[in-house]
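Enquirer: upload_38.txt is reproduced below (compact mmCIF, C-alpha atoms).
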# COMPACT_ATOMS: atom_id res chain seq x y z
CA LEU A 22 -29.78 1.30 12.50
CA TYR A 23 -32.82 3.52 13.10
CA GLN A 24 -34.95 0.44 13.87
CA LEU A 25 -32.29 -0.80 16.31
CA GLU A 26 -32.22 2.54 18.12
CA GLN A 27 -36.04 2.53 18.31
CA LEU A 28 -36.00 -0.94 19.90
CA LYS A 29 -33.44 0.19 22.49
CA HIS A 30 -35.57 3.24 23.21
CA LYS A 31 -38.65 1.03 23.59
CA ARG A 32 -36.74 -1.25 25.97
CA ASN A 33 -35.87 1.73 28.17
CA ILE A 34 -39.48 2.95 28.22
CA ILE A 35 -40.83 -0.51 29.13
CA SER A 36 -38.20 -0.93 31.88
CA LYS A 37 -39.28 2.40 33.31
CA LYS A 38 -42.95 1.36 33.05
CA ILE A 39 -42.27 -1.93 34.89
CA ASN A 40 -40.61 -0.04 37.75
CA GLU A 41 -43.56 2.37 37.97
CA LEU A 42 -46.09 -0.51 38.01
CA ARG A 43 -44.09 -2.27 40.72
CA LYS A 44 -44.07 0.85 42.86
CA ALA A 45 -47.81 1.22 42.36
CA ASP A 46 -48.23 -2.49 43.27
CA LYS A 47 -49.94 -3.19 39.94
CA ASN A 48 -49.85 -6.28 37.69
CA ILE A 49 -46.66 -6.29 35.55
CA LYS A 50 -47.10 -9.70 33.84
CA LYS A 51 -48.27 -8.38 30.46
CA VAL A 52 -45.52 -5.71 30.28
CA VAL A 53 -42.79 -8.20 31.31
CA LEU A 54 -43.86 -10.57 28.51
CA GLU A 55 -43.54 -7.68 26.05
CA ALA A 56 -40.12 -6.76 27.49
CA LYS A 57 -38.82 -10.35 27.09
CA LYS A 58 -39.34 -10.22 23.31
CA ILE A 59 -37.19 -7.12 22.86
CA PRO A 60 -33.66 -8.56 23.52
CA ASP A 61 -34.02 -11.11 20.68
CA LYS A 62 -35.23 -8.38 18.32
CA ILE A 63 -32.32 -6.14 19.34
CA ARG A 64 -29.84 -9.01 18.80
CA ASP A 65 -31.30 -9.68 15.35
CA LYS A 66 -31.04 -6.00 14.35
CA GLU A 67 -27.49 -5.71 15.74
CA GLU A 68 -26.39 -8.68 13.62
CA LYS A 69 -27.94 -7.11 10.50
CA VAL A 70 -26.40 -3.70 11.24
CA SER A 71 -22.97 -5.28 11.77
CA LYS A 72 -23.24 -7.25 8.52
CA LEU A 73 -24.34 -4.20 6.53
CA LYS A 74 -21.58 -2.03 8.03
CA ASN A 75 -19.02 -4.62 6.95
CA GLU A 76 -20.50 -4.77 3.46
CA ILE A 77 -20.36 -0.97 3.18
CA LYS A 78 -16.77 -1.00 4.45
CA GLU A 79 -15.76 -3.60 1.84
CA LEU A 80 -17.41 -1.55 -0.92
CA LEU A 81 -15.65 1.62 0.24
CA TYR A 82 -12.30 -0.22 0.27
CA LYS A 83 -12.77 -1.03 -3.43
CA ILE A 84 -13.12 2.63 -4.43
CA PRO A 85 -9.72 3.84 -5.70
CA ASN A 86 -8.13 7.15 -4.75
CA ILE A 87 -8.30 10.19 -7.03
CA ILE A 88 -5.03 10.71 -8.88
CA HIS A 89 -3.14 14.00 -8.75
CA LYS A 90 -3.66 16.32 -11.71
CA SER A 91 0.05 16.09 -12.62
CA VAL A 92 -0.05 12.30 -13.18
CA PRO A 93 0.40 11.36 -16.86
CA ILE A 94 -2.40 9.28 -18.36
CA GLY A 95 -1.38 5.85 -19.61
CA LYS A 96 -2.57 2.25 -19.80
CA ASP A 97 0.23 0.49 -17.85
CA HIS A 98 3.93 0.61 -16.82
CA THR A 99 5.03 0.75 -20.47
CA GLU A 100 3.68 4.31 -20.63
CA ASN A 101 5.50 5.63 -17.56
CA VAL A 102 7.40 8.85 -18.27
CA GLU A 103 11.16 9.23 -17.83
CA MET A 104 11.85 12.32 -15.71
CA GLU A 105 15.60 12.25 -15.16
CA LYS A 106 18.80 10.23 -15.45
CA ILE A 107 21.51 10.40 -12.77
CA GLY A 108 25.04 9.19 -13.46
CA LYS A 109 26.40 7.51 -16.56
CA PRO A 110 26.65 3.73 -17.01
CA LYS A 111 30.24 2.46 -16.98
CA LYS A 112 31.72 0.98 -20.13
CA SER A 113 33.35 -2.41 -19.76
CA ASP A 114 35.69 -4.37 -22.05
CA PHE A 115 34.58 -7.76 -20.72
CA ASP A 116 31.38 -9.79 -20.54
CA ILE A 117 29.26 -8.79 -17.54
CA LYS A 118 28.29 -11.76 -15.38
CA SER A 119 24.86 -11.98 -13.79
CA HIS A 120 24.84 -11.26 -10.07
CA VAL A 121 23.98 -14.93 -9.47
CA GLU A 122 26.96 -16.29 -11.40
CA LEU A 123 29.31 -13.67 -9.96
CA ALA A 124 28.24 -14.21 -6.33
CA GLU A 125 28.34 -18.01 -6.65
CA ASN A 126 31.83 -17.87 -8.19
CA LEU A 127 32.97 -15.73 -5.25
CA GLY A 128 31.39 -18.13 -2.75
CA ILE A 129 29.37 -15.38 -1.06
CA VAL A 130 25.85 -16.70 -1.66
CA ASP A 131 24.07 -20.05 -1.57
CA PHE A 132 20.83 -20.44 -3.50
CA ASP A 133 20.89 -24.23 -3.87
CA ASN A 134 20.75 -25.01 -0.15
CA SER A 135 18.28 -22.18 0.57
CA ALA A 136 15.96 -23.77 -2.03
CA LYS A 137 16.23 -27.09 -0.17
CA VAL A 138 15.56 -25.44 3.18
CA SER A 139 12.92 -22.83 2.25
CA GLY A 140 12.14 -23.10 -1.49
CA ASN A 141 12.73 -20.60 -4.28
CA GLY A 142 12.82 -16.91 -3.40
CA PHE A 143 15.15 -17.28 -0.41
CA PHE A 144 18.92 -17.12 -0.04
CA TYR A 145 21.92 -17.58 2.22
CA LEU A 146 24.27 -14.58 2.25
CA LYS A 147 27.82 -15.55 3.18
CA GLY A 148 31.00 -13.75 4.19
CA ASP A 149 31.53 -10.39 2.54
CA LEU A 150 28.09 -10.32 0.87
CA ALA A 151 26.46 -10.70 4.29
CA ARG A 152 28.71 -7.85 5.46
CA LEU A 153 27.71 -5.77 2.42
CA ASN A 154 24.05 -6.34 3.29
CA GLN A 155 24.62 -5.07 6.83
CA ALA A 156 26.70 -2.14 5.52
CA LEU A 157 23.81 -1.06 3.27
CA ILE A 158 21.38 -1.25 6.21
CA GLN A 159 23.61 0.84 8.47
CA PHE A 160 24.41 3.34 5.71
CA GLY A 161 20.68 3.76 4.96
CA ILE A 162 19.81 4.25 8.63
CA ASP A 163 22.63 6.76 9.21
CA PHE A 164 21.66 8.67 6.07
CA MET A 165 18.01 8.95 7.10
CA ILE A 166 18.84 9.98 10.69
CA LYS A 167 21.03 12.80 9.31
CA LYS A 168 18.01 13.91 7.26
CA GLY A 169 15.97 14.28 10.46
CA TYR A 170 14.04 11.01 10.40
CA LEU A 171 13.30 9.11 13.63
CA LEU A 172 14.55 5.51 13.52
CA VAL A 173 11.84 2.99 14.46
CA GLU A 174 12.19 -0.79 14.33
CA PRO A 175 8.59 -2.05 14.04
CA PRO A 176 6.90 -5.38 14.79
CA LEU A 177 7.20 -7.86 11.93
CA MET A 178 3.54 -8.90 12.04
CA ILE A 179 0.35 -6.86 11.87
CA ARG A 180 -3.38 -7.50 12.28
CA GLY A 181 -5.80 -7.66 9.35
CA GLU A 182 -7.43 -4.37 10.32
CA ILE A 183 -4.13 -2.54 9.85
CA LEU A 184 -3.35 -4.32 6.60
CA GLN A 185 -6.73 -3.38 5.11
CA GLY A 186 -6.07 0.21 6.14
CA VAL A 187 -2.77 0.50 4.27
CA TYR A 188 -3.11 -1.91 1.33
CA SER A 189 -5.64 -2.42 -1.44
CA HIS A 190 -7.48 -5.76 -1.62
CA GLU A 191 -5.51 -6.70 -4.74
CA GLU A 192 -2.16 -6.02 -3.02
CA ILE A 193 -3.16 -8.09 0.01
CA GLU A 194 -4.02 -11.04 -2.23
CA GLU A 195 -0.84 -10.79 -4.31
CA LEU A 196 1.77 -9.95 -1.67
CA SER A 197 0.72 -10.81 1.87
CA TYR A 198 1.40 -14.02 3.74
CA LYS A 199 -1.04 -14.94 6.52
CA ILE A 200 -0.39 -16.82 9.75
CA GLU A 201 -2.79 -19.77 9.72
CA GLY A 202 -5.45 -19.65 12.41
CA GLU A 203 -4.49 -16.15 13.58
CA ASP A 204 -5.35 -12.59 12.63
CA LEU A 205 -1.70 -11.86 11.86
CA PHE A 206 0.22 -11.12 8.66
CA PRO A 207 4.03 -10.92 8.26
CA ILE A 208 4.77 -7.40 7.05
CA ALA A 209 5.56 -6.70 3.39
CA THR A 210 7.19 -3.37 4.31
CA SER A 211 7.79 -1.44 7.53
CA GLU A 212 5.57 1.34 6.13
CA HIS A 213 2.49 -0.64 7.21
CA PRO A 214 3.17 -0.96 10.95
CA LEU A 215 4.64 2.57 10.99
CA ILE A 216 1.39 4.04 9.61
CA GLY A 217 -0.70 1.60 11.65
CA MET A 218 1.05 2.78 14.81
CA HIS A 219 -1.22 5.85 14.68
CA ILE A 220 -4.58 4.10 14.16
CA ASN A 221 -7.52 6.01 15.72
CA GLN A 222 -5.22 8.81 16.87
CA THR A 223 -5.72 12.56 16.68
CA ILE A 224 -2.31 14.23 16.44
CA ASN A 225 -1.67 17.82 17.50
CA SER A 226 -0.98 19.60 14.20
CA ASP A 227 2.01 21.34 15.82
CA GLU A 228 3.70 17.91 16.00
CA LEU A 229 3.48 17.45 12.21
CA PRO A 230 5.25 16.38 10.12
CA LEU A 231 6.20 13.02 11.60
CA LYS A 232 9.29 11.80 9.73
CA ILE A 233 10.03 8.14 10.37
CA CYS A 234 12.78 5.82 9.17
CA GLY A 235 11.85 2.17 9.55
CA TYR A 236 14.20 -0.80 9.30
CA SER A 237 12.79 -4.30 9.01
CA GLN A 238 12.86 -7.61 7.25
CA CYS A 239 9.99 -7.89 4.77
CA PHE A 240 8.01 -10.88 3.50
CA ARG A 241 6.12 -11.06 0.19
CA LYS A 242 4.35 -13.84 -1.68
CA GLU A 243 4.88 -12.00 -5.00
CA ILE A 244 1.97 -13.72 -6.73
CA GLY A 245 1.18 -12.16 -10.11
CA SER A 246 2.74 -11.10 -13.37
CA HIS A 247 6.30 -10.71 -12.07
CA GLY A 248 6.64 -13.97 -10.19
CA ILE A 249 9.57 -14.86 -8.00
CA ASP A 250 13.25 -15.37 -8.85
CA GLU A 251 14.00 -19.08 -9.06
CA LYS A 252 17.57 -18.11 -8.30
CA GLY A 253 18.69 -14.60 -7.42
CA LEU A 254 18.31 -11.58 -5.16
CA PHE A 255 16.13 -9.26 -7.24
CA ARG A 256 12.61 -10.52 -6.45
CA THR A 257 12.48 -12.68 -3.34
CA HIS A 258 10.08 -13.73 -0.60
CA GLN A 259 12.24 -12.25 2.17
CA PHE A 260 14.49 -9.19 2.15
CA ASN A 261 15.79 -6.29 4.25
CA LYS A 262 14.61 -2.74 3.74
CA VAL A 263 15.18 0.72 5.18
CA GLU A 264 11.99 2.73 4.60
CA MET A 265 11.02 6.37 4.96
CA VAL A 266 7.52 7.48 5.99
CA VAL A 267 6.07 10.97 6.38
CA ILE A 268 2.77 11.87 8.07
CA CYS A 269 1.93 15.50 7.45
CA LYS A 270 -0.63 18.27 6.89
CA PRO A 271 -2.47 17.98 3.55
CA LYS A 272 -1.10 21.24 2.16
CA GLU A 273 2.48 20.08 2.74
CA SER A 274 2.40 16.57 1.31
CA TYR A 275 3.74 17.40 -2.16
CA LYS A 276 6.56 19.43 -0.63
CA PHE A 277 7.59 16.28 1.26
CA TYR A 278 7.08 14.18 -1.88
CA ASP A 279 9.78 16.29 -3.57
CA GLU A 280 11.98 16.11 -0.47
CA MET A 281 11.77 12.31 -0.33
CA LEU A 282 12.57 12.03 -4.03
CA LYS A 283 15.69 14.15 -3.52
CA ILE A 284 16.77 11.90 -0.64
CA SER A 285 16.49 8.83 -2.88
CA LYS A 286 18.51 10.48 -5.62
CA ASP A 287 21.18 11.47 -3.09
CA ILE A 288 21.40 7.86 -1.83
CA PHE A 289 22.00 6.61 -5.38
CA LYS A 290 24.65 9.26 -5.94
CA GLN A 291 26.40 8.20 -2.71
CA LEU A 292 26.36 4.57 -3.86
CA GLU A 293 27.61 5.67 -7.30
CA ILE A 294 24.89 3.69 -9.08
CA PRO A 295 23.56 5.05 -12.43
CA THR A 296 19.85 5.75 -11.98
CA ARG A 297 16.76 7.05 -13.69
CA VAL A 298 13.49 8.41 -12.31
CA LEU A 299 10.20 7.30 -13.89
CA GLU A 300 6.89 9.09 -13.28
CA CYS A 301 4.18 6.43 -12.94
CA CYS A 302 1.24 6.90 -15.30
CA SER A 303 -2.39 6.48 -14.23
CA GLY A 304 -2.53 2.83 -15.36
CA ASP A 305 0.47 1.90 -13.20
CA LEU A 306 -0.84 3.43 -9.96
CA GLY A 307 -2.17 1.19 -7.19
CA ASP A 308 -5.68 1.92 -5.95
CA LEU A 309 -4.60 4.01 -2.94
CA LYS A 310 -1.90 6.04 -4.72
CA THR A 311 -2.43 9.60 -5.93
CA LYS A 312 1.07 10.11 -7.32
CA SER A 313 4.09 7.85 -7.54
CA CYS A 314 7.47 7.46 -9.19
CA ASP A 315 9.97 4.63 -9.47
CA LEU A 316 13.74 4.92 -9.21
CA GLU A 317 15.58 2.37 -11.32
CA TYR A 318 19.23 1.31 -11.37
CA TRP A 319 21.22 0.66 -14.52
CA SER A 320 21.72 -3.06 -15.17
CA PRO A 321 24.75 -3.59 -17.43
CA ARG A 322 23.74 -7.24 -17.69
CA LYS A 323 20.31 -6.38 -19.14
CA LYS A 324 21.57 -3.19 -20.81
CA GLY A 325 18.56 -1.42 -19.35
CA TYR A 326 17.07 -0.15 -16.08
CA SER A 327 15.44 -2.20 -13.30
CA GLU A 328 13.28 -0.99 -10.41
CA PHE A 329 15.08 -0.20 -7.18
CA CYS A 330 12.57 1.76 -5.10
CA SER A 331 9.21 3.50 -5.27
CA LEU A 332 7.99 6.83 -3.85
CA THR A 333 4.27 7.31 -3.22
CA ASN A 334 1.88 9.96 -1.94
CA MET A 335 -1.31 8.35 -0.62
CA GLU A 336 -2.79 11.71 0.43
CA ASP A 337 -5.51 10.83 2.99
CA ALA A 338 -6.45 7.31 1.74
CA GLN A 339 -4.65 5.42 4.52
CA ALA A 340 -5.57 8.02 7.12
CA ARG A 341 -9.30 7.66 6.36
CA ARG A 342 -9.16 3.89 6.57
CA LEU A 343 -7.24 3.94 9.85
CA ASN A 344 -8.92 7.06 11.26
CA ILE A 345 -5.74 9.10 11.68
CA LYS A 346 -6.48 12.80 12.13
CA ALA A 347 -4.77 15.98 13.21
CA GLU A 348 -6.27 18.84 15.21
CA ASN A 349 -5.60 22.56 15.02
CA LYS A 350 -7.55 24.89 17.35
CA GLY A 351 -10.51 22.50 17.48
CA ASN A 352 -10.51 21.80 13.74
CA ARG A 353 -9.88 18.15 12.85
CA PHE A 354 -8.71 16.85 9.48
CA TYR A 355 -7.27 13.69 7.99
CA VAL A 356 -3.50 13.69 7.63
CA HIS A 357 -1.62 12.77 4.45
CA THR A 358 0.79 9.82 4.36
CA LEU A 359 3.80 9.26 2.10
CA ASN A 360 6.25 6.39 1.83
CA ASN A 361 9.48 5.72 -0.02
CA THR A 362 12.15 3.03 -0.03
CA ALA A 363 15.47 4.32 1.24
CA ILE A 364 17.30 1.07 0.49
CA ALA A 365 16.04 -2.43 -0.33
CA THR A 366 19.33 -4.18 0.29
CA SER A 367 18.83 -7.20 -1.98
CA ARG A 368 18.29 -5.00 -5.03
CA ALA A 369 21.09 -2.68 -3.97
CA MET A 370 23.40 -5.70 -3.81
CA VAL A 371 22.35 -6.73 -7.33
CA ALA A 372 23.10 -3.20 -8.58
CA ILE A 373 26.52 -3.16 -6.90
CA LEU A 374 27.47 -6.67 -8.06
CA GLU A 375 26.58 -5.85 -11.66
CA ASN A 376 27.97 -2.31 -11.86
CA ASN A 377 31.11 -2.78 -9.76
CA GLN A 378 32.39 -6.13 -10.99
CA THR A 379 35.89 -6.35 -12.43
CA LYS A 380 37.42 -8.33 -15.28
CA GLU A 381 38.91 -10.66 -12.63
CA GLY A 382 35.43 -11.49 -11.31
CA GLU A 383 35.79 -9.44 -8.14
CA VAL A 384 33.54 -6.62 -6.85
CA LYS A 385 34.59 -3.11 -5.84
CA ILE A 386 32.80 -1.85 -2.75
CA PRO A 387 31.38 1.70 -3.06
CA LYS A 388 33.53 4.16 -1.08
CA VAL A 389 30.65 5.21 1.16
CA LEU A 390 30.20 1.61 2.37
CA GLN A 391 33.85 0.75 3.01
CA LYS A 392 33.89 2.17 6.54
CA TYR A 393 30.99 -0.15 7.44
CA MET A 394 33.04 -3.14 6.22
CA GLY A 395 36.20 -2.53 8.20
CA GLY A 396 37.88 -0.67 5.35
CA LEU A 397 37.43 -3.54 2.85
CA LYS A 398 37.60 -2.20 -0.71
CA VAL A 399 37.15 -5.30 -2.86
CA ILE A 400 35.18 -8.52 -2.46
CA LYS A 401 37.40 -11.41 -3.56
CA LYS A 402 36.91 -15.16 -3.67
Take the structure from the file and write it as C-alpha cells.

Expert:
Amino acid sequence: LYQLEQLKHKRNIISKKINELRKADKNIKKVVLEAKKIPDKIRDKEEKVSKLKNEIKELLYKIPNIIHKSVPIGKDHTENVEMEKIGKPKKSDFDIKSHVELAENLGIVDFDNSAKVSGNGFFYLKGDLARLNQALIQFGIDFMIKKGYLLVEPPLMIRGEILQGVYSHEEIEELSYKIEGEDLFPIATSEHPLIGMHINQTINSDELPLKICGYSQCFRKEIGSHGIDEKGLFRTHQFNKVEMVVICKPKESYKFYDEMLKISKDIFKQLEIPTRVLECCSGDLGDLKTKSCDLEYWSPRKKGYSEFCSLTNMEDAQARRLNIKAENKGNRFYVHTLNNTAIATSRAMVAILENNQTKEGEVKIPKVLQKYMGGLKVIKK
C-alpha cells in the first residue's frame, strides 16, 4: 500500500513537472516516457493490494469471537447446562402419534406430493393446519409489537457481503442456498437482512436500542450432522419465522439478552407448551456467538425435549464485519447485536400437534390462538 501511494505521489510530481516544462517551452519527451510507465505500475500494485486486503479479510473472518465469562465450558451440545423448566408435560392414557401420522390422518398436510414437486424438506399445509400456521405468525407479531418491537418485513434475498457479515464461513456452507450466476442468497433468517439494513451506518446513540421484529419465510440447505426430515415439519428447507433483533449499546446488551429470554419464555407459557432452557456450552457456540441458549419444547412422542428456538448475543462481531457504529458526543463505537426466535411456526406446529392431540386423533388449539382461527377450538378430520 505504501509503494502504491508512492507511485501515485510520483505521478503527481511528474504531471506537475510536465506542465512546468511546457510553460517554459522545454523538451518534455523524456519525462512523458517516464510518466507513461507509471499507470501500469499503479495498476499492478492496486491488484496486489486488493488481493492482499481480501486475504486479510478472509483470515479475520475465520477468527472466532471471545465467549462471555459466564459460558460453561464443554466439548459439544451434550454438555449444555439445563437452566430452567417451564410447565409440566401432560400425562396421556393413549399412544402418542407422531405429528406426521397425526396430520396425515387429519388430512391437513401433504408430504408425498410436496416431495414430488420440490423434494424432501418441503410440505403442503392444508385447511386448519394452514390456518394454524397463520395464527402462529399473527400471534407472534402481535406479541412482539406489544413488547415494543418495530415490525419489519425484509427482503428474502441478500448479497454475499451481508451474509459474510452476519454468518460464519461454516454456517454459510452448511445452511445457505445461492442463486446461480448472481450475488444473491435466499435468507436463512430475517435476522440477516435486519442487521444488514444498517451496514456502514453510524447511529445516533440516543436512538439506541433498536428493537426489531422481523417476519419472513426462511430457506436452509441444512447440510451437516442433523440432515433434513424426509417427511415432517421439524427440520425443513423452507419455513416461516417471526424473529426478534436488538441493536444496542455495548453496556446494555446482556440486559437485553435477559429481556429477550423472558419474552421467549412468556410466548411458550401463552402457547401452554412445556419447555426447558439450556445454556449453550463453549463447544456448542458458533464462531460469532459470545453467549447463547436454546429453548426446547417437550416432545411426548420422543419422551424428551427438542429445540424450538435459540437466543444469541453476538456482541460486536456482526457490527465490526458490517461497519455498524454508534456515536455519542463525537465518540464512535461498535454496537452490539442480539437475535432470538420468537416463533418458528413449523416447530411450533409440531409441538402443538404432539402435546395437544386427543385420544380420538384430534388436536386442541391453544386458547391464545383460537381468536386467530375464527374461534375454532379443535382441529378435526

Enquirer: Could you tell me how far atom CA of A:Asp204 lies from atom CA of A:Val187, in Å and to one decimal?

Expert: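 These atoms are spaced 15.7 Å apart.
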
Enquirer: Within 9 Å of stretch 391-395 of chain A, which residues of stretch 87-204 of chain A come that close, and what is the closest atom pair and distance in Å for each? Count all atoms listed in the file and give it as a tab-separated table.

Expert:
residue	atom	partner	partner_atom	distance
A:Asp149	CA	A:Met394	CA	8.3
A:Arg152	CA	A:Met394	CA	6.4
A:Leu153	CA	A:Met394	CA	7.1
A:Gln155	CA	A:Tyr393	CA	8.1
A:Ala156	CA	A:Tyr393	CA	5.1
A:Leu157	CA	A:Tyr393	CA	8.4
A:Gln159	CA	A:Tyr393	CA	7.5
A:Phe160	CA	A:Tyr393	CA	7.6

Enquirer: Taking 3 positions as the minimum chain separation for residues in the same chain, which residues sit within 8 Å of A:Lys147 when counting all atoms listed in the file? Answer as a PyMOL selection string.

Expert: chain A and resi 128-131+150-151

Enquirer: Looking at all atoms listed in the file, which of A:Glu375, A:Glu174, A:Glu41, A:Glu243 is the one that sits closest to A:Leu196?

Expert: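 Residue with the minimum atom-to-atom distance to A:Leu196: A:Glu243.
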
Enquirer: Report, in Å to a single decimal, how far apart atom CA of A:Gln259 and atom CA of A:Leu282 are.

Expert: 25.1 Å
